[in-house]
Protein chains: 2
Amino acid sequence: MVITTPRHTGHEHPRPRSAAVVDDIVAQLTDRGYRDTEPRRLVISAVAAQGRPFTAEELCASLPCVGRATVYRGLRLLVETDQVCRVLLEDRELRYQLSHQGHHHHLLCAVCGASADLEGCDVEETLRDAAAAAGFRMSGHWLEVYGRCSDCAED
Amino acid sequence: MVITTPRHTGHEHPRPRSAAVVDDIVAQLTDRGYRDTEPRRLVISAVAAQGRPFTAEELCASLPCVGRATVYRGLRLLVETDQVCRVLLEDRELRYQLSHQGHHHHLLCAVCGASADLEGCDVEETLRDAAAAAGFRMSGHWLEVYGRCSDCAED
DNA sequence: GCCAGTATGATATTCGGTATCATTTAGGCA
DNA sequence: TGCCTAAATGATACCGAATATCATACTGGC
């Protein structure tokens with residue numbers, strides 16, 4: 001069961017799917033005035049190749065020919081432009097993964113590290129109301145759910 | 001409006017309330033076999049004196065006569081024994097505060113830093129169901145809600 | 001093909017936190 | 001009460017993740 005699935009672009013290219021994803025992301029960046037550079041493409045390509053949430057260091061390791069600073073900058077840029085989202089593990093380790101658009105929450109498998117997006121869960125309203133009851137006006141929230149995916153379930 | 005309130009012990013002591021809190025926590029520790037030491041009491045006392053979520057570094061700064069390592073160790077011990085809980089800000093900065101018992105979530109004011117506990121909000125069941133729908137067996141979760149407290153509300 | 005400004009990468013630095021280890025101290029016990 | 005062992009302390013070294021610096025290289029508009 002593949003849990004982390006790449007974003008759908010709506011139509012298939014003859015080129016490898018990852019290349020299309022990279023082109024798509026680069027296009028988003030150039031639209032915003034960022035340049036299309038070789039190291040940047042390498043970073044994006046490596047991000048797209050990850051099967052599950054990854055750390056910045058893992059990304060650096062998979063890109064020996066790209067400078068550390070460049071990898072970190074690239075990653076930060078992708079987060080800022082919402083191409084990549086941050087995932088926080090239980091031990092507070094920070095990981096990243098391709099963003100599946102919009103605000104959402106993650107289900108994280110503690111065993112294999114797989115992630116899924118939490119669907120059909122509208123906690124927003126509940127939280128807003130509970131916050132209001134305490135006199136708070138909610139502006140945002142962070143939610144991660146930890147557990148075991150079906151592949152790693154033990155009985 | 002005082003938002004972060006110290007735990008109620010059920011009856012009032014003639015001594016300063018903070019001293020009672022410290023004694024209470026020290027008692028919990030000695031019950032578990034940990035020793036009652038001067039530096040440890042100083043750390044606990046400083047923790048109890050904080051009005052809102054604080055960082056480990058702030059605690060160190062407020063305890064110049066206690067070694068850094070000891071402050072960190074004391075804090076870790078308090079977290080492990082559930083006397084203190086960890087609070088994660090939006091920028092991922094880690095803060096701490098006296099625990100108000102049991103599992104709960106925080107409302108955090110982005111302006112003044114005050115915190116309140118999220119009451120009357122049973123997201124647990126909702127999350128467990130949504131996780132199950134994705135084939136996950138939920139084992140835990142992390143939730144923080146950010147906003148403005150009533151004192152800092154702007155209109 | 002030129003050029004201004006962006007991006008890169010080697011490296012130093014910062015920051016938060018942990019490991020080490022010699023010394024001190026708590027507290028159980030005779 | 002004083003002794004003794006294990007726990008605790010604190011100065012310091014270390015560590016990993018991430019950012020700042022800055023000279024150099026490259027992009028892409030003209």
# chains A, B, ... in the order shown; residues from 1 in each chain; ligands from 1

call {"tool": "interface_residues", "arguments": {"of": "chain A", "to": "chain C", "cutoff": "12 Å", "atoms": "only C-alpha atoms (C1' of nucleotides)", "output": "list in words"}}
result
Gly33, Tyr34, Arg35, Asp36, Thr37, Glu38, Pro39, Arg40, Pro64, Cys65, Val66, Gly67, Arg68, Ala69, Thr70, Val71, Tyr72, Arg73 and Gly74 of chain A

call {"tool": "interface_residues", "arguments": {"of": "chain B", "to": "chain A", "cutoff": "9 Å", "atoms": "only C-alpha atoms", "output": "PDB file with C-alpha atoms, in the first residue's frame"}}
result
ATOM      1  CA  GLU B  90       4.383  28.147  15.923  1.00  0.00           C
ATOM      2  CA  ARG B  92       8.784  25.315  16.629  1.00  0.00           C
ATOM      3  CA  LEU B 107      -4.174  27.660  23.596  1.00  0.00           C
ATOM      4  CA  LEU B 108      -1.290  30.031  23.043  1.00  0.00           C
ATOM      5  CA  CYS B 109      -1.473  33.763  22.657  1.00  0.00           C
ATOM      6  CA  ALA B 110       0.809  34.902  19.860  1.00  0.00           C
ATOM      7  CA  ALA B 116      -4.600  28.323  28.566  1.00  0.00           C
ATOM      8  CA  ASP B 117      -5.696  24.742  28.486  1.00  0.00           C
ATOM      9  CA  LEU B 118      -8.167  23.759  25.840  1.00  0.00           C
ATOM     10  CA  GLU B 119     -11.240  22.602  27.738  1.00  0.00           C
ATOM     11  CA  GLY B 120     -14.339  20.828  26.549  1.00  0.00           C
ATOM     12  CA  CYS B 121     -12.745  19.685  23.353  1.00  0.00           C
ATOM     13  CA  ASP B 122     -12.726  15.995  22.677  1.00  0.00           C
ATOM     14  CA  VAL B 123     -10.828  15.789  19.434  1.00  0.00           C
ATOM     15  CA  THR B 126     -12.695  12.371  16.025  1.00  0.00           C
ATOM     16  CA  LEU B 127      -9.040  11.877  15.274  1.00  0.00           C
ATOM     17  CA  ARG B 128      -9.121   8.196  16.113  1.00  0.00           C
ATOM     18  CA  ASP B 129     -11.998   7.659  13.701  1.00  0.00           C
ATOM     19  CA  ALA B 130     -10.425   9.699  10.921  1.00  0.00           C
ATOM     20  CA  ALA B 131      -7.164   7.795  11.401  1.00  0.00           C
ATOM     21  CA  ALA B 133     -10.588   5.516   8.013  1.00  0.00           C
ATOM     22  CA  ALA B 134      -7.080   5.780   6.560  1.00  0.00           C
ATOM     23  CA  GLY B 135      -6.111   2.403   7.994  1.00  0.00           C
ATOM     24  CA  PHE B 136      -4.124   3.843  10.880  1.00  0.00           C
ATOM     25  CA  ARG B 137      -4.354   2.831  14.481  1.00  0.00           C
ATOM     26  CA  MET B 138      -3.800   6.068  16.372  1.00  0.00           C
ATOM     27  CA  SER B 139      -1.420   5.925  19.299  1.00  0.00           C
ATOM     28  CA  GLY B 140      -0.903   9.589  20.025  1.00  0.00           C
ATOM     29  CA  HIS B 141      -1.133  13.101  18.715  1.00  0.00           C
ATOM     30  CA  TRP B 142       0.232  16.559  19.172  1.00  0.00           C
ATOM     31  CA  LEU B 143      -2.023  19.594  18.986  1.00  0.00           C
ATOM     32  CA  GLU B 144      -1.363  23.247  19.705  1.00  0.00           C
ATOM     33  CA  VAL B 145      -3.789  26.055  18.969  1.00  0.00           C
ATOM     34  CA  TYR B 146      -2.514  29.569  18.307  1.00  0.00           C
ATOM     35  CA  GLY B 147      -4.390  32.828  18.499  1.00  0.00           C
ATOM     36  CA  ARG B 148      -4.961  35.892  20.640  1.00  0.00           C
ATOM     37  CA  CYS B 149      -6.193  35.872  24.186  1.00  0.00           C
ATOM     38  CA  SER B 150      -8.995  38.223  25.192  1.00  0.00           C
ATOM     39  CA  ASP B 151      -6.524  40.777  26.561  1.00  0.00           C
ATOM     40  CA  ALA B 153      -7.687  40.803  20.976  1.00  0.00           C
TER      41      ALA B 153
END

call {"tool": "closest_atom_pairs", "arguments": {"of": "chain D", "to": "chain B", "cutoff": "12 Å", "atoms": "only C-alpha atoms (C1' of nucleotides)", "output": "tab-separated table"}}
result
residue	atom	partner	partner_atom	distance
D:DA6	C1'	B:Arg35	CA	11.1
D:DA7	C1'	B:Arg35	CA	7.6
D:DA8	C1'	B:Thr37	CA	7.9
D:DT9	C1'	B:Thr70	CA	6.7
D:DG10	C1'	B:Gly67	CA	5.3
D:DA11	C1'	B:Gly67	CA	8.3
D:DT12	C1'	B:Ala69	CA	10.5

call {"tool": "write_last_selection", "arguments": {"atoms": "N, CA and C atoms (P, O5', C5', C4', C3', O3' and C1' of nucleotides)", "output": "PDB file, in the first residue's frame"}}
result
ATOM      1  P    DA D   6      27.162   1.386  44.889  1.00  0.00           P
ATOM      2  O5'  DA D   6      25.781   1.933  44.351  1.00  0.00           O
ATOM      3  C5'  DA D   6      24.698   2.146  45.249  1.00  0.00           C
ATOM      4  C4'  DA D   6      24.056   3.493  44.956  1.00  0.00           C
ATOM      5  C3'  DA D   6      23.999   3.854  43.471  1.00  0.00           C
ATOM      6  O3'  DA D   6      22.721   4.411  43.214  1.00  0.00           O
ATOM      7  C1'  DA D   6      25.067   5.581  44.661  1.00  0.00           C
ATOM      8  P    DA D   7      22.263   4.831  41.769  1.00  0.00           P
ATOM      9  O5'  DA D   7      21.907   6.359  42.021  1.00  0.00           O
ATOM     10  C5'  DA D   7      21.148   6.713  43.165  1.00  0.00           C
ATOM     11  C4'  DA D   7      21.168   8.212  43.321  1.00  0.00           C
ATOM     12  C3'  DA D   7      20.838   8.979  42.056  1.00  0.00           C
ATOM     13  O3'  DA D   7      19.940  10.008  42.410  1.00  0.00           O
ATOM     14  C1'  DA D   7      22.951   9.663  42.886  1.00  0.00           C
ATOM     15  P    DA D   8      19.453  11.068  41.353  1.00  0.00           P
ATOM     16  O5'  DA D   8      20.475  12.272  41.565  1.00  0.00           O
ATOM     17  C5'  DA D   8      20.535  12.891  42.838  1.00  0.00           C
ATOM     18  C4'  DA D   8      21.483  14.067  42.753  1.00  0.00           C
ATOM     19  C3'  DA D   8      21.251  14.991  41.557  1.00  0.00           C
ATOM     20  O3'  DA D   8      21.147  16.309  42.067  1.00  0.00           O
ATOM     21  C1'  DA D   8      23.526  14.349  41.698  1.00  0.00           C
ATOM     22  P    DT D   9      20.935  17.537  41.118  1.00  0.00           P
ATOM     23  O5'  DT D   9      22.421  18.076  40.996  1.00  0.00           O
ATOM     24  C5'  DT D   9      23.100  18.485  42.169  1.00  0.00           C
ATOM     25  C4'  DT D   9      24.514  18.916  41.834  1.00  0.00           C
ATOM     26  C3'  DT D   9      24.598  20.008  40.765  1.00  0.00           C
ATOM     27  O3'  DT D   9      25.213  21.132  41.356  1.00  0.00           O
ATOM     28  C1'  DT D   9      26.178  18.248  40.382  1.00  0.00           C
ATOM     29  P    DG D  10      25.023  22.567  40.686  1.00  0.00           P
ATOM     30  O5'  DG D  10      26.340  22.689  39.831  1.00  0.00           O
ATOM     31  C5'  DG D  10      27.594  22.638  40.480  1.00  0.00           C
ATOM     32  C4'  DG D  10      28.701  22.644  39.441  1.00  0.00           C
ATOM     33  C3'  DG D  10      28.466  23.612  38.276  1.00  0.00           C
ATOM     34  O3'  DG D  10      29.734  24.061  37.852  1.00  0.00           O
ATOM     35  C1'  DG D  10      28.715  21.465  37.421  1.00  0.00           C
ATOM     36  P    DA D  11      29.965  25.606  37.607  1.00  0.00           P
ATOM     37  O5'  DA D  11      31.321  25.529  36.778  1.00  0.00           O
ATOM     38  C5'  DA D  11      32.430  24.807  37.317  1.00  0.00           C
ATOM     39  C4'  DA D  11      33.244  24.167  36.202  1.00  0.00           C
ATOM     40  C3'  DA D  11      33.379  25.019  34.934  1.00  0.00           C
ATOM     41  O3'  DA D  11      34.750  25.058  34.568  1.00  0.00           O
ATOM     42  C1'  DA D  11      32.548  22.859  34.395  1.00  0.00           C
ATOM     43  P    DT D  12      35.214  25.872  33.281  1.00  0.00           P
ATOM     44  O5'  DT D  12      35.136  24.778  32.129  1.00  0.00           O
ATOM     45  C5'  DT D  12      35.726  23.490  32.328  1.00  0.00           C
ATOM     46  C4'  DT D  12      35.330  22.572  31.192  1.00  0.00           C
ATOM     47  C3'  DT D  12      35.382  23.248  29.824  1.00  0.00           C
ATOM     48  O3'  DT D  12      36.366  22.585  29.048  1.00  0.00           O
ATOM     49  C1'  DT D  12      33.473  21.872  30.065  1.00  0.00           C
TER      50       DT D  12
END

call {"tool": "select_by_dssp", "arguments": {"residues": "chain B", "states": "helix (DSSP H, G or I)", "output": "ChimeraX atom specification"}}
result
/B:17-31,38-49,56-61,68-80,123-133,150-152

call {"tool": "atom_distance", "arguments": {"atom1": "CA of His100 in chain B", "atom2": "CA of Ile44 in chain B"}}
result
15.2 Å

call {"tool": "atom_distance", "arguments": {"atom1": "CA of Arg52 in chain A", "atom2": "CA of Ala114 in chain A"}}
result
5.6 Å

call {"tool": "atom_distance", "arguments": {"atom1": "CA of Glu58 in chain A", "atom2": "CA of Glu80 in chain A"}}
result
19.8 Å

call {"tool": "select_by_dssp", "arguments": {"residues": "chain A", "states": "strand (DSSP E or B)", "output": "NGL selection string"}}
result
:A and (54 or 84-88 or 94-98 or 106-109 or 115-117 or 137-148)

call {"tool": "residues_around", "arguments": {"residues": "Leu63 in chain B", "least_positions_apart": "5", "cutoff": "8 Å", "atoms": "only C-alpha atoms (C1' of nucleotides)", "output": "PDB file with N, CA and C atoms, in the first residue's frame"}}
result
ATOM      1  N   LEU B  42      15.831  24.473  43.638  1.00  0.00           N
ATOM      2  CA  LEU B  42      15.951  25.794  43.012  1.00  0.00           C
ATOM      3  C   LEU B  42      15.321  25.775  41.622  1.00  0.00           C
ATOM      4  N   VAL B  43      15.576  24.706  40.887  1.00  0.00           N
ATOM      5  CA  VAL B  43      15.003  24.592  39.543  1.00  0.00           C
ATOM      6  C   VAL B  43      13.479  24.549  39.631  1.00  0.00           C
ATOM      7  N   ALA B  46      12.022  27.846  40.498  1.00  0.00           N
ATOM      8  CA  ALA B  46      12.047  28.778  39.372  1.00  0.00           C
ATOM      9  C   ALA B  46      10.960  28.443  38.369  1.00  0.00           C
TER      10      ALA B  46
END
